[in-house]
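Scroll down for the structure; my scribbles are underneath it.
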Amino acid sequence: MGKVPFDVNNTKDKKAEFSLVQVKGTWKRKLGKKASDGRVDRVSAAKIYESITDKGISWTVVSPIVFTYKVTETQNILDPSNDTLLLGHINDSQQLEDIKKSNKPLKRFLVIDQEVQKIYGPRLTEFLEANKVQYKILPLPTTEENKSMEMALEIVKEVNNFSLDRRTEPIIAIGGGVCLDIVGLAASLYRRRTPYIRVPTTLLAYIDASVGAKTGVNFANCKNKLGAYIPPTASFLDLSFIQTVPRRHISNGLAEMLKMALMKHRGLFELLEKHGHMLLDTKFQAVNNVYGCNNLQAASQATRTAIMTMLEELAPNLWEDDLNRLVDFGHLISPALEMEVLPSLLHGEAVNIDMSYMVYVSQERGLLTEEEMQRIIRCMVGLELPVWHEACTMELIQRSLQDRLKHSGGLYRMPLPVGLGQAEIFNDTSYEVLHRAYEKWCDELGMSSKHL
Ligand SMILES: NC(=O)c1ccc[n+]([C@@H]2O[C@H](COP(=O)([O-])OP(=O)(O)OC[C@H]3O[C@@H](n4cnc5c(N)ncnc54)[C@H](O)[C@@H]3O)[C@@H](O)[C@H]2O)c1
């Protein structure tokens with residue numbers, strides 16, 4: 001008989017810690033921290049803490065869950081000889097070898113943004129046919145206005161009809177951030193968690209929506225109000241999709257890139273300041289000798305730095321338990337602004353207007369010099385991003401910040417640049433500072449923003 005952890009007759013509170021060990025297929029609890037001996041097959045990282053009081057018994061389960069996901073750059077993902085889309089998520093070399101040897105056709109369910117389907121649909125079909133995949137492609141109008149639970153359920157219904165093996169046949173999402181967010185949520189709901197793969201086709205999705213764990217849809221007129229923190233199994237990044245993205249949407253993605261630059265990376269800021277306009281012109285594609293610099297190198301450096309800095313902030317805080325997040329820069333006021341004027345501002349545009357105002361707040365607080373502030377605004381204008389909007393009123397700013405207080409543990413947790421490429425989180429920005437910054441922001445950018 002095992003050691004009794006406590007005396008049940010003793011009414012004084014008793015606590016015991018159990019490890020979990022597996023012996024011949026059966027999990028058993030084992031008293032104490034030292035769980036391993038020769039007869040044990042496996043030791044779990046989970047623990048059970050038992051507590052007995054005179055009110056009764058309580059078990060506290062601590063079960064660490066590890067998410068592993070890959071963010072992989074690839075080229076020509078739709079080239080039939082490139083197997084990344086079908087097999088790039090598999091880490092186990094034995095499993096990979098077995099699949100390659102087997103004659104069983106791969107089965108894949110793909111959701112694709114309807115507009116992306118118009119351009120890349122024929123190549124996608126050719127790719128799947130050439131690889132003898134059993135597939136279903138579901139093209140959907142994944143616009144911000146349609147980013148809803150209804151669309152997530154429509155996907156789930158089709159997935160259910162297709163009948164997937166949820167362990168080995170990931171759902172593939174191909175499109176911008178809206179498509180990736182909806183499909184991610186649908187996959188997280190289907191059979192409680194079905195693996196999914198993200199293939200971003202816009203710049204914003206490439207450097208941002210593909211990199212983290214968040215999925216979601218809009219609800220009750222609020223952005224991403226319903227969602228889950230379930231990362232994809234893998235994100236496969238192919239810059240060549242960006243060549244067909246409309247110019248305005250490239251600027252939109254550059255806003256999220258600029259956010260990471262302002263928060264964390266002076267080198268990225270200087271790159272955007274110097275080459276941002278060229279990246280916009282060339283859509284992150286190779287164009288020889290036109291710009292007197294290797295533009296593909298700049299594109300690669302910019303996207304890789306944006307992704308790396310983003311991963312540094314997200315990986316230790318995948319479920320956003322820590323509310324002090326630099327990646328929230330530009331996201332304090334923009335959600336309300338974006339929803340207020342939907343669909344006239346794109347996500348990155350609303351983020352940029354928020355960042356532009358916050359740069360004025362920083363300057364007003366003495367965290368940025370006038371010259372640094374002007375450099376940032378000039379850079380935003382060079383990236384063809386809006387720096388002011390009439391719907392971004394002091395009333396909307398105050399309402400957003402009140403909301404922030406409510407959802408952020410009673411603190412503003414306001415990320416602000418403190419120089420170029422560095423930032424800190426502040427909780428003590430006064431109404432007077434916010435107001436003075438607002439007046440100056442409107443005076444300098446409001447009237448003239450159309451001519452900047
Ligand atoms: N999950 C996250 O962590 C995360 C992060 C940032 C943003 N987001 C979400 O992402 C969304 C914005 O994403 P977005 O900016 O990619 O918008 P989007 O998905 O609406 O795509 C923008 C437009 O580009 C078109 N398009 C997409 N790829 C194309 C291509 N290769 N060629 C031509 N046209 C193409 C689409 O049809 C659409 O009209 C927002 O809903 C935002 O909440 C999520």
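Lettering and numbering for the structure tokens are positional, with chains as A, B, ... in the shown order, residues counted from 1 in each chain, and ligands counted from 1 in the shown order.
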Shell around Thr305 (chain A) at 10 Å using only C-alpha atoms, local window under 4 positions removed, as a count of residues only: 13
Write out as a tab-separated table (two decimals) with all heavy atoms, in the first residue's frame each polymer residue whose atoms come within 12 Å of region 140-149 of chain A, counting only C-alpha atoms; drop sequence neighbours fewer than 2 positions from it.
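Written output follows (out-v8.tsv):
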chain	number	residue	atom	x	y	z
A	110	LEU	N	-9.26	22.98	-47.79
A	110	LEU	CA	-8.64	24.30	-47.90
A	110	LEU	C	-9.72	25.39	-47.95
A	110	LEU	O	-10.69	25.26	-48.70
A	110	LEU	CB	-7.79	24.42	-49.17
A	110	LEU	CG	-6.68	23.38	-49.32
A	110	LEU	CD1	-7.11	22.27	-50.25
A	110	LEU	CD2	-5.41	24.03	-49.85
A	111	VAL	N	-9.53	26.44	-47.15
A	111	VAL	CA	-10.41	27.61	-47.23
A	111	VAL	C	-9.57	28.73	-47.82
A	111	VAL	O	-8.44	28.97	-47.36
A	111	VAL	CB	-10.93	28.04	-45.85
A	111	VAL	CG1	-11.91	29.20	-46.00
A	111	VAL	CG2	-11.60	26.88	-45.13
A	112	ILE	N	-10.12	29.39	-48.82
A	112	ILE	CA	-9.34	30.44	-49.49
A	112	ILE	C	-10.20	31.70	-49.66
A	112	ILE	O	-11.40	31.59	-49.94
A	112	ILE	CB	-8.78	29.91	-50.84
A	112	ILE	CG1	-7.85	30.93	-51.51
A	112	ILE	CG2	-9.87	29.48	-51.79
A	112	ILE	CD1	-7.01	30.35	-52.64
A	113	ASP	N	-9.58	32.84	-49.44
A	113	ASP	CA	-10.25	34.11	-49.70
A	113	ASP	C	-10.71	34.13	-51.17
A	113	ASP	O	-9.94	33.79	-52.07
A	113	ASP	CB	-9.23	35.23	-49.42
A	113	ASP	CG	-9.74	36.61	-49.76
A	113	ASP	OD1	-10.24	36.81	-50.88
A	113	ASP	OD2	-9.60	37.50	-48.91
A	114	GLN	N	-11.96	34.46	-51.37
A	114	GLN	CA	-12.57	34.43	-52.71
A	114	GLN	C	-11.77	35.22	-53.75
A	114	GLN	O	-11.63	34.80	-54.89
A	114	GLN	CB	-13.95	35.06	-52.54
A	114	GLN	CG	-14.91	34.88	-53.65
A	114	GLN	CD	-16.28	35.39	-53.20
A	114	GLN	OE1	-17.07	34.67	-52.59
A	114	GLN	NE2	-16.55	36.65	-53.47
A	115	GLU	N	-11.23	36.38	-53.32
A	115	GLU	CA	-10.46	37.21	-54.26
A	115	GLU	C	-9.12	36.54	-54.59
A	115	GLU	O	-8.63	36.61	-55.71
A	115	GLU	CB	-10.20	38.61	-53.67
A	115	GLU	CG	-11.46	39.41	-53.40
A	115	GLU	CD	-12.38	39.48	-54.61
A	115	GLU	OE1	-11.88	39.83	-55.70
A	115	GLU	OE2	-13.57	39.16	-54.48
A	116	VAL	N	-8.55	35.89	-53.60
A	116	VAL	CA	-7.27	35.19	-53.80
A	116	VAL	C	-7.51	33.99	-54.73
A	116	VAL	O	-6.69	33.68	-55.59
A	116	VAL	CB	-6.68	34.76	-52.44
A	116	VAL	CG1	-5.39	33.98	-52.61
A	116	VAL	CG2	-6.44	35.99	-51.55
A	117	GLN	N	-8.65	33.36	-54.54
A	117	GLN	CA	-9.01	32.22	-55.38
A	117	GLN	C	-9.06	32.64	-56.86
A	117	GLN	O	-8.60	31.91	-57.73
A	117	GLN	CB	-10.37	31.66	-54.92
A	117	GLN	CG	-11.08	30.73	-55.88
A	117	GLN	CD	-10.48	29.32	-55.90
A	117	GLN	OE1	-9.52	29.04	-55.18
A	117	GLN	NE2	-11.01	28.45	-56.75
A	118	LYS	N	-9.60	33.86	-57.10
A	118	LYS	CA	-9.71	34.31	-58.50
A	118	LYS	C	-8.32	34.38	-59.15
A	118	LYS	O	-8.16	34.10	-60.32
A	118	LYS	CB	-10.35	35.71	-58.55
A	118	LYS	CG	-11.84	35.66	-58.32
A	118	LYS	CD	-12.45	37.04	-58.48
A	118	LYS	CE	-13.86	37.06	-57.91
A	118	LYS	NZ	-14.27	38.39	-57.45
A	137	ILE	N	-11.77	22.61	-51.95
A	137	ILE	CA	-11.42	24.03	-51.79
A	137	ILE	C	-12.71	24.80	-51.52
A	137	ILE	O	-13.67	24.68	-52.28
A	137	ILE	CB	-10.74	24.59	-53.06
A	137	ILE	CG1	-9.44	23.84	-53.37
A	137	ILE	CG2	-10.46	26.08	-52.90
A	137	ILE	CD1	-8.80	24.23	-54.69
A	138	LEU	N	-12.70	25.56	-50.44
A	138	LEU	CA	-13.89	26.37	-50.10
A	138	LEU	C	-13.52	27.86	-50.24
A	138	LEU	O	-12.87	28.41	-49.35
A	138	LEU	CB	-14.33	26.05	-48.67
A	138	LEU	CG	-15.53	26.84	-48.12
A	138	LEU	CD1	-16.80	26.56	-48.92
A	138	LEU	CD2	-15.75	26.52	-46.64
A	151	MET	N	-19.84	32.83	-40.41
A	151	MET	CA	-18.91	32.31	-41.42
A	151	MET	C	-18.05	31.20	-40.83
A	151	MET	O	-17.75	30.21	-41.51
A	151	MET	CB	-18.05	33.44	-41.99
A	151	MET	CG	-17.26	32.96	-43.18
A	151	MET	SD	-16.51	34.27	-44.14
A	151	MET	CE	-17.82	34.66	-45.28
A	152	ALA	N	-17.67	31.33	-39.57
A	152	ALA	CA	-16.89	30.25	-38.92
A	152	ALA	C	-17.72	28.96	-38.92
A	152	ALA	O	-17.20	27.87	-39.21
A	152	ALA	CB	-16.51	30.66	-37.50
A	153	LEU	N	-19.02	29.08	-38.65
A	153	LEU	CA	-19.88	27.89	-38.61
A	153	LEU	C	-20.07	27.29	-40.00
A	153	LEU	O	-20.17	26.07	-40.16
A	153	LEU	CB	-21.24	28.23	-37.97
A	153	LEU	CG	-21.16	28.54	-36.47
A	153	LEU	CD1	-22.51	28.98	-35.94
A	153	LEU	CD2	-20.64	27.34	-35.67
A	154	GLU	N	-20.12	28.18	-41.01
A	154	GLU	CA	-20.24	27.69	-42.39
A	154	GLU	C	-19.02	26.80	-42.73
A	154	GLU	O	-19.16	25.74	-43.34
A	154	GLU	CB	-20.28	28.92	-43.32
A	154	GLU	CG	-20.64	28.59	-44.74
A	154	GLU	CD	-20.69	29.86	-45.60
A	154	GLU	OE1	-20.87	30.97	-45.06
A	154	GLU	OE2	-20.51	29.72	-46.82
A	155	ILE	N	-17.85	27.24	-42.27
A	155	ILE	CA	-16.63	26.46	-42.53
A	155	ILE	C	-16.71	25.11	-41.80
A	155	ILE	O	-16.45	24.05	-42.38
A	155	ILE	CB	-15.38	27.26	-42.06
A	155	ILE	CG1	-15.22	28.53	-42.91
A	155	ILE	CG2	-14.12	26.40	-42.13
A	155	ILE	CD1	-14.23	29.53	-42.37
A	156	VAL	N	-17.11	25.16	-40.54
A	156	VAL	CA	-17.18	23.95	-39.73
A	156	VAL	C	-18.14	22.93	-40.38
A	156	VAL	O	-17.86	21.73	-40.41
A	156	VAL	CB	-17.65	24.32	-38.30
A	156	VAL	CG1	-17.99	23.10	-37.51
A	156	VAL	CG2	-16.59	25.12	-37.59
A	158	GLU	N	-18.89	22.60	-43.55
A	158	GLU	CA	-18.25	22.01	-44.74
A	158	GLU	C	-17.15	21.03	-44.34
A	158	GLU	O	-16.96	19.99	-44.98
A	158	GLU	CB	-17.67	23.11	-45.64
A	158	GLU	CG	-18.71	24.02	-46.24
A	158	GLU	CD	-19.47	23.36	-47.39
A	158	GLU	OE1	-19.05	22.29	-47.89
A	158	GLU	OE2	-20.51	23.91	-47.80
A	173	ALA	N	-5.69	27.38	-44.43
A	173	ALA	CA	-6.29	28.69	-44.71
A	173	ALA	C	-5.35	29.48	-45.60
A	173	ALA	O	-4.17	29.62	-45.28
A	173	ALA	CB	-6.53	29.44	-43.41
A	174	ILE	N	-5.89	30.00	-46.70
A	174	ILE	CA	-5.06	30.80	-47.62
A	174	ILE	C	-5.76	32.15	-47.83
A	174	ILE	O	-6.87	32.20	-48.36
A	174	ILE	CB	-4.86	30.10	-48.98
A	174	ILE	CG1	-4.29	28.68	-48.79
A	174	ILE	CG2	-3.96	30.93	-49.90
A	174	ILE	CD1	-4.13	27.88	-50.08
A	175	GLY	N	-5.13	33.21	-47.38
A	175	GLY	CA	-5.75	34.52	-47.57
A	175	GLY	C	-5.13	35.58	-46.67
A	175	GLY	O	-4.07	35.38	-46.08
A	176	GLY	N	-5.85	36.69	-46.54
A	176	GLY	CA	-5.41	37.77	-45.66
A	176	GLY	C	-5.75	37.44	-44.21
A	176	GLY	O	-6.25	36.35	-43.90
A	177	GLY	N	-5.50	38.42	-43.33
A	177	GLY	CA	-5.71	38.21	-41.90
A	177	GLY	C	-7.12	37.81	-41.55
A	177	GLY	O	-7.34	37.01	-40.63
A	178	VAL	N	-8.11	38.32	-42.31
A	178	VAL	CA	-9.50	37.99	-42.00
A	178	VAL	C	-9.71	36.49	-42.21
A	178	VAL	O	-10.23	35.78	-41.34
A	178	VAL	CB	-10.47	38.82	-42.86
A	178	VAL	CG1	-11.89	38.35	-42.66
A	178	VAL	CG2	-10.36	40.30	-42.54
A	179	CYS	N	-9.30	35.99	-43.35
A	179	CYS	CA	-9.48	34.57	-43.66
A	179	CYS	C	-8.74	33.71	-42.62
A	179	CYS	O	-9.30	32.75	-42.09
A	179	CYS	CB	-8.94	34.31	-45.07
A	179	CYS	SG	-9.02	32.59	-45.56
A	180	LEU	N	-7.51	34.08	-42.31
A	180	LEU	CA	-6.71	33.27	-41.37
A	180	LEU	C	-7.34	33.26	-39.98
A	180	LEU	O	-7.36	32.22	-39.30
A	180	LEU	CB	-5.27	33.78	-41.29
A	180	LEU	CG	-4.50	33.93	-42.60
A	180	LEU	CD1	-3.02	34.23	-42.33
A	180	LEU	CD2	-4.60	32.69	-43.48
A	181	ASP	N	-7.88	34.40	-39.57
A	181	ASP	CA	-8.51	34.48	-38.23
A	181	ASP	C	-9.78	33.63	-38.14
A	181	ASP	O	-10.01	32.94	-37.15
A	181	ASP	CB	-8.87	35.93	-37.91
A	181	ASP	CG	-7.72	36.69	-37.26
A	181	ASP	OD1	-6.63	36.12	-37.15
A	181	ASP	OD2	-7.92	37.85	-36.86
A	182	ILE	N	-10.61	33.69	-39.19
A	182	ILE	CA	-11.88	32.95	-39.14
A	182	ILE	C	-11.61	31.44	-39.21
A	182	ILE	O	-12.18	30.67	-38.44
A	182	ILE	CB	-12.84	33.33	-40.31
A	182	ILE	CG1	-13.04	34.84	-40.39
A	182	ILE	CG2	-14.18	32.64	-40.16
A	182	ILE	CD1	-13.92	35.29	-41.56
A	183	VAL	N	-10.73	31.06	-40.12
A	183	VAL	CA	-10.45	29.62	-40.27
A	183	VAL	C	-9.79	29.09	-38.99
A	183	VAL	O	-10.10	27.99	-38.52
A	183	VAL	CB	-9.55	29.35	-41.50
A	183	VAL	CG1	-9.19	27.88	-41.59
A	183	VAL	CG2	-10.25	29.81	-42.77
A	184	GLY	N	-8.92	29.88	-38.40
A	184	GLY	CA	-8.27	29.47	-37.15
A	184	GLY	C	-9.31	29.20	-36.07
A	184	GLY	O	-9.23	28.20	-35.35
A	185	LEU	N	-10.30	30.08	-35.99
A	185	LEU	CA	-11.34	29.88	-34.96
A	185	LEU	C	-12.17	28.63	-35.28
A	185	LEU	O	-12.44	27.82	-34.40
A	185	LEU	CB	-12.24	31.12	-34.85
A	185	LEU	CG	-13.36	30.98	-33.82
A	185	LEU	CD1	-12.80	30.76	-32.42
A	185	LEU	CD2	-14.27	32.20	-33.82
A	186	ALA	N	-12.55	28.49	-36.56
A	186	ALA	CA	-13.35	27.32	-36.95
A	186	ALA	C	-12.59	26.04	-36.62
A	186	ALA	O	-13.16	25.10	-36.05
A	186	ALA	CB	-13.66	27.39	-38.45
A	189	LEU	N	-12.57	25.22	-32.98
A	189	LEU	CA	-13.85	24.73	-32.47
A	189	LEU	C	-14.13	23.31	-32.92
A	189	LEU	O	-14.73	22.53	-32.18
A	189	LEU	CB	-14.99	25.64	-32.98
A	189	LEU	CG	-15.02	27.06	-32.43
A	189	LEU	CD1	-16.06	27.88	-33.16
A	189	LEU	CD2	-15.33	27.04	-30.94
A	215	THR	N	-6.92	33.75	-32.87
A	215	THR	CA	-7.92	33.57	-33.92
A	215	THR	C	-9.12	34.41	-33.49
A	215	THR	O	-9.21	34.78	-32.32
A	215	THR	CB	-8.39	32.11	-34.01
A	215	THR	OG1	-9.18	31.82	-32.84
A	215	THR	CG2	-7.23	31.14	-34.08
A	216	GLY	N	-10.07	34.66	-34.38
A	216	GLY	CA	-11.23	35.41	-33.90
A	216	GLY	C	-12.16	35.88	-34.99
A	216	GLY	O	-11.84	35.85	-36.18
A	217	VAL	N	-13.35	36.28	-34.52
A	217	VAL	CA	-14.34	36.93	-35.39
A	217	VAL	C	-14.92	38.12	-34.63
A	217	VAL	O	-14.81	38.18	-33.39
A	217	VAL	CB	-15.49	35.96	-35.79
A	217	VAL	CG1	-14.99	34.84	-36.67
A	217	VAL	CG2	-16.22	35.41	-34.57
A	218	ASN	N	-15.51	39.04	-35.38
A	218	ASN	CA	-16.14	40.20	-34.74
A	218	ASN	C	-17.48	39.78	-34.13
A	218	ASN	O	-18.15	38.87	-34.64
A	218	ASN	CB	-16.35	41.32	-35.76
A	218	ASN	CG	-15.03	41.74	-36.40
A	218	ASN	OD1	-13.96	41.63	-35.78
A	218	ASN	ND2	-15.08	42.23	-37.63
A	219	PHE	N	-17.86	40.46	-33.07
A	219	PHE	CA	-19.11	40.11	-32.40
A	219	PHE	C	-19.61	41.32	-31.62
A	219	PHE	O	-18.80	42.04	-31.02
A	219	PHE	CB	-18.86	38.92	-31.44
A	219	PHE	CG	-20.08	38.49	-30.67
A	219	PHE	CD1	-21.14	37.85	-31.31
A	219	PHE	CD2	-20.17	38.72	-29.31
A	219	PHE	CE1	-22.26	37.45	-30.61
A	219	PHE	CE2	-21.29	38.33	-28.60
A	219	PHE	CZ	-22.33	37.70	-29.25
A	220	ALA	N	-20.93	41.51	-31.62
A	220	ALA	CA	-21.57	42.62	-30.89
A	220	ALA	C	-20.89	43.95	-31.26
A	220	ALA	O	-20.57	44.77	-30.40
A	220	ALA	CB	-21.49	42.39	-29.38
A	221	ASN	N	-20.63	44.10	-32.55
A	221	ASN	CA	-20.00	45.31	-33.08
A	221	ASN	C	-18.61	45.58	-32.50
A	221	ASN	O	-18.14	46.71	-32.49
A	221	ASN	CB	-20.91	46.52	-32.87
A	221	ASN	CG	-20.68	47.58	-33.92
A	221	ASN	OD1	-20.32	47.24	-35.07
A	221	ASN	ND2	-20.82	48.84	-33.56
A	222	CYS	N	-17.95	44.55	-31.98
A	222	CYS	CA	-16.58	44.70	-31.45
A	222	CYS	C	-15.64	43.79	-32.21
A	222	CYS	O	-15.98	42.65	-32.52
A	222	CYS	CB	-16.53	44.33	-29.97
A	222	CYS	SG	-17.37	45.50	-28.95
A	223	LYS	N	-14.44	44.31	-32.44
A	223	LYS	CA	-13.44	43.56	-33.19
A	223	LYS	C	-12.98	42.34	-32.41
A	223	LYS	O	-12.65	42.43	-31.23
A	223	LYS	CB	-12.22	44.45	-33.45
A	223	LYS	CG	-12.44	45.33	-34.62
A	223	LYS	CD	-11.32	45.41	-35.64
A	223	LYS	CE	-10.36	44.31	-35.84
A	223	LYS	NZ	-10.18	43.84	-37.17
A	224	ASN	N	-12.97	41.22	-33.08
A	224	ASN	CA	-12.40	39.98	-32.54
A	224	ASN	C	-12.88	39.64	-31.13
A	224	ASN	O	-12.10	39.18	-30.30
A	224	ASN	CB	-10.86	40.07	-32.53
A	224	ASN	CG	-10.31	40.35	-33.92
A	224	ASN	OD1	-10.81	39.84	-34.90
A	224	ASN	ND2	-9.28	41.17	-33.99
A	225	LYS	N	-14.15	39.91	-30.88
A	225	LYS	CA	-14.68	39.70	-29.53
A	225	LYS	C	-14.78	38.20	-29.21
A	225	LYS	O	-14.69	37.81	-28.05
A	225	LYS	CB	-16.06	40.35	-29.45
A	225	LYS	CG	-16.59	40.53	-28.06
A	225	LYS	CD	-15.98	41.73	-27.38
A	225	LYS	CE	-16.70	42.11	-26.11
A	225	LYS	NZ	-16.18	43.34	-25.55
A	226	LEU	N	-14.98	37.38	-30.23
A	226	LEU	CA	-14.99	35.93	-30.00
A	226	LEU	C	-13.74	35.34	-30.64
A	226	LEU	O	-13.43	35.63	-31.79
A	226	LEU	CB	-16.22	35.29	-30.67
A	226	LEU	CG	-17.60	35.73	-30.18
A	226	LEU	CD1	-18.68	35.00	-30.97
A	226	LEU	CD2	-17.76	35.46	-28.69
A	227	GLY	N	-13.04	34.51	-29.90
A	227	GLY	CA	-11.83	33.93	-30.48
A	227	GLY	C	-11.16	32.98	-29.53
A	227	GLY	O	-11.67	32.67	-28.45
A	338	GLU	N	-11.72	51.82	-35.86
A	338	GLU	CA	-11.92	50.96	-37.03
A	338	GLU	C	-13.40	50.55	-37.14
A	338	GLU	O	-13.98	50.59	-38.23
A	338	GLU	CB	-11.02	49.71	-36.91
A	338	GLU	CG	-10.97	48.87	-38.17
A	338	GLU	CD	-10.08	47.63	-38.03
A	338	GLU	OE1	-9.26	47.55	-37.10
A	338	GLU	OE2	-10.24	46.73	-38.86
A	339	MET	N	-14.00	50.16	-36.01
A	339	MET	CA	-15.40	49.72	-36.04
A	339	MET	C	-16.33	50.90	-36.30
A	339	MET	O	-17.34	50.76	-36.98
A	339	MET	CB	-15.78	49.02	-34.72
A	339	MET	CG	-15.13	47.67	-34.49
A	339	MET	SD	-15.22	46.50	-35.86
A	339	MET	CE	-16.81	45.77	-35.61
A	341	VAL	N	-15.92	53.51	-38.15
A	341	VAL	CA	-15.99	53.99	-39.54
A	341	VAL	C	-15.98	52.85	-40.57
A	341	VAL	O	-15.85	53.08	-41.76
A	341	VAL	CB	-14.84	54.99	-39.84
A	341	VAL	CG1	-14.93	56.19	-38.93
A	341	VAL	CG2	-13.48	54.34	-39.72
A	342	LEU	N	-16.11	51.61	-40.08
A	342	LEU	CA	-16.09	50.43	-40.95
A	342	LEU	C	-16.99	50.61	-42.17
A	342	LEU	O	-18.13	51.04	-42.00
A	342	LEU	CB	-16.57	49.22	-40.12
A	342	LEU	CG	-16.29	47.82	-40.66
A	342	LEU	CD1	-14.80	47.52	-40.59
A	342	LEU	CD2	-17.04	46.77	-39.84
A	343	PRO	N	-16.60	50.34	-43.39
A	343	PRO	CA	-15.33	49.75	-43.78
A	343	PRO	C	-14.31	50.77	-44.30
A	343	PRO	O	-13.40	50.40	-45.04
A	343	PRO	CB	-15.75	48.82	-44.90
A	343	PRO	CG	-16.87	49.56	-45.58
A	343	PRO	CD	-17.51	50.44	-44.54
A	344	SER	N	-14.44	52.05	-43.89
A	344	SER	CA	-13.60	53.03	-44.60
A	344	SER	C	-12.12	52.99	-44.20
A	344	SER	O	-11.27	53.37	-44.99
A	344	SER	CB	-14.20	54.42	-44.48
A	344	SER	OG	-13.95	54.94	-43.22
A	345	LEU	N	-11.80	52.52	-42.99
A	345	LEU	CA	-10.38	52.41	-42.63
A	345	LEU	C	-9.98	50.94	-42.55
A	345	LEU	O	-10.69	50.13	-41.95
A	345	LEU	CB	-10.12	53.03	-41.25
A	345	LEU	CG	-9.97	54.54	-41.14
A	345	LEU	CD1	-9.79	54.94	-39.67
A	345	LEU	CD2	-8.80	55.07	-41.97
A	346	LEU	N	-8.83	50.62	-43.11
A	346	LEU	CA	-8.30	49.26	-42.95
A	346	LEU	C	-7.67	49.14	-41.56
A	346	LEU	O	-7.34	50.16	-40.93
A	346	LEU	CB	-7.24	48.98	-44.02
A	346	LEU	CG	-7.70	49.11	-45.46
A	346	LEU	CD1	-6.51	48.92	-46.41
A	346	LEU	CD2	-8.79	48.08	-45.77
A	347	HIS	N	-7.46	47.90	-41.11
A	347	HIS	CA	-6.93	47.67	-39.77
A	347	HIS	C	-5.62	48.45	-39.52
A	347	HIS	O	-5.49	49.21	-38.56
A	347	HIS	CB	-6.70	46.16	-39.58
A	347	HIS	CG	-6.11	45.78	-38.26
A	347	HIS	ND1	-6.83	45.79	-37.10
A	347	HIS	CD2	-4.85	45.41	-37.93
A	347	HIS	CE1	-6.05	45.42	-36.09
A	347	HIS	NE2	-4.84	45.18	-36.58
With only C-alpha atoms as the counted atoms, please give the residues lying no more than 9 Å from region 12-21 of chain A, apart from itself and same-chain residues fewer than 6 positions off, as JSON, numbers by chain. {"A": [5, 6, 27, 28, 29, 30, 31, 32, 33, 34, 35, 36, 40, 41, 42, 43, 44, 45, 46, 47, 48, 49, 50, 51, 52, 53, 54]}
Would you pick out the contacts of Ser334 (chain A) at 12 Å or less, using only C-alpha atoms, so that residues sharing its chain but fewer than 6 positions from it are not included, and give the list as a VMD selection string? chain A and resid 222 to 223 328 340 to 342 345 to 358 388 to 389 391 to 393 396 to 397 399 to 401 404
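When the distance limit is 10 Å and only C-alpha atoms are what count, the residues near Thr125 (chain A), minus those fewer than 6 positions from it on the same chain, are Leu78, Gln117, Asn131, Val133, Tyr135, Lys136 and Ile137 of chain A.
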Pull N, CA, C and O atoms from the residues just selected and write them as a compact mmCIF listing (two decimals), in the first residue's frame.
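Listing of out_6.txt after writing:
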# COMPACT_ATOMS: atom_id res chain seq x y z
N LEU A 78 3.20 27.16 -54.49
CA LEU A 78 2.25 26.45 -55.34
C LEU A 78 2.93 25.72 -56.51
O LEU A 78 2.26 25.22 -57.41
N GLN A 117 -8.65 33.36 -54.54
CA GLN A 117 -9.01 32.22 -55.38
C GLN A 117 -9.06 32.64 -56.86
O GLN A 117 -8.60 31.91 -57.73
N ASN A 131 -0.16 16.61 -57.12
CA ASN A 131 0.28 15.84 -55.96
C ASN A 131 -0.74 14.78 -55.54
O ASN A 131 -0.62 14.19 -54.47
N VAL A 133 -3.73 14.85 -54.47
CA VAL A 133 -4.38 15.09 -53.18
C VAL A 133 -5.89 14.96 -53.34
O VAL A 133 -6.45 15.38 -54.35
N TYR A 135 -9.05 16.55 -52.25
CA TYR A 135 -9.19 17.87 -51.65
C TYR A 135 -10.57 18.47 -51.83
O TYR A 135 -11.33 18.06 -52.70
N LYS A 136 -10.83 19.45 -50.97
CA LYS A 136 -11.99 20.33 -51.19
C LYS A 136 -11.49 21.75 -50.97
O LYS A 136 -10.86 22.06 -49.94
N ILE A 137 -11.77 22.61 -51.95
CA ILE A 137 -11.42 24.03 -51.79
C ILE A 137 -12.71 24.80 -51.52
O ILE A 137 -13.67 24.68 -52.28
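Nearest to Arg304 (chain A) of all the residues A:Ser63, A:Ser58, A:Thr72, A:Asn324 is A:Thr72, based on only C-alpha atoms.
Looking only at region 162-246 of chain A, the set that DSSP places in strand (DSSP E or B) from backbone geometry is A:Ile171, A:Ile172, A:Ala173, A:Ile174, A:Gly175, A:Tyr196, A:Ile197, A:Arg198, A:Val199, A:Pro200, A:Lys214, A:Thr215, A:Gly216, A:Val217, A:Asn218, A:Phe219, A:Cys222, A:Lys223, A:Asn224, A:Lys225, A:Leu226, A:Gly227, A:Ala228, A:Tyr229, A:Ala234, A:Ser235, A:Phe236, A:Leu237.
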Go through region 32-279 of chain A and collect every residue that DSSP, computed from the backbone, puts in helix (DSSP H, G or I); the answer should be as a count of residues only. 108
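Comparing the minimum interatomic distances between ligand 1 and each of A:Asp92, A:Glu126, A:Glu97, A:Asp238, counting only C-alpha atoms and all ligand atoms, we find that A:Asp238 sits nearest.
Between Ile119 (chain A) and the residues A:Leu258, A:Ile425, A:Val245, A:Ala302, the shortest atom-to-atom distance, using only C-alpha atoms, involves A:Val245.
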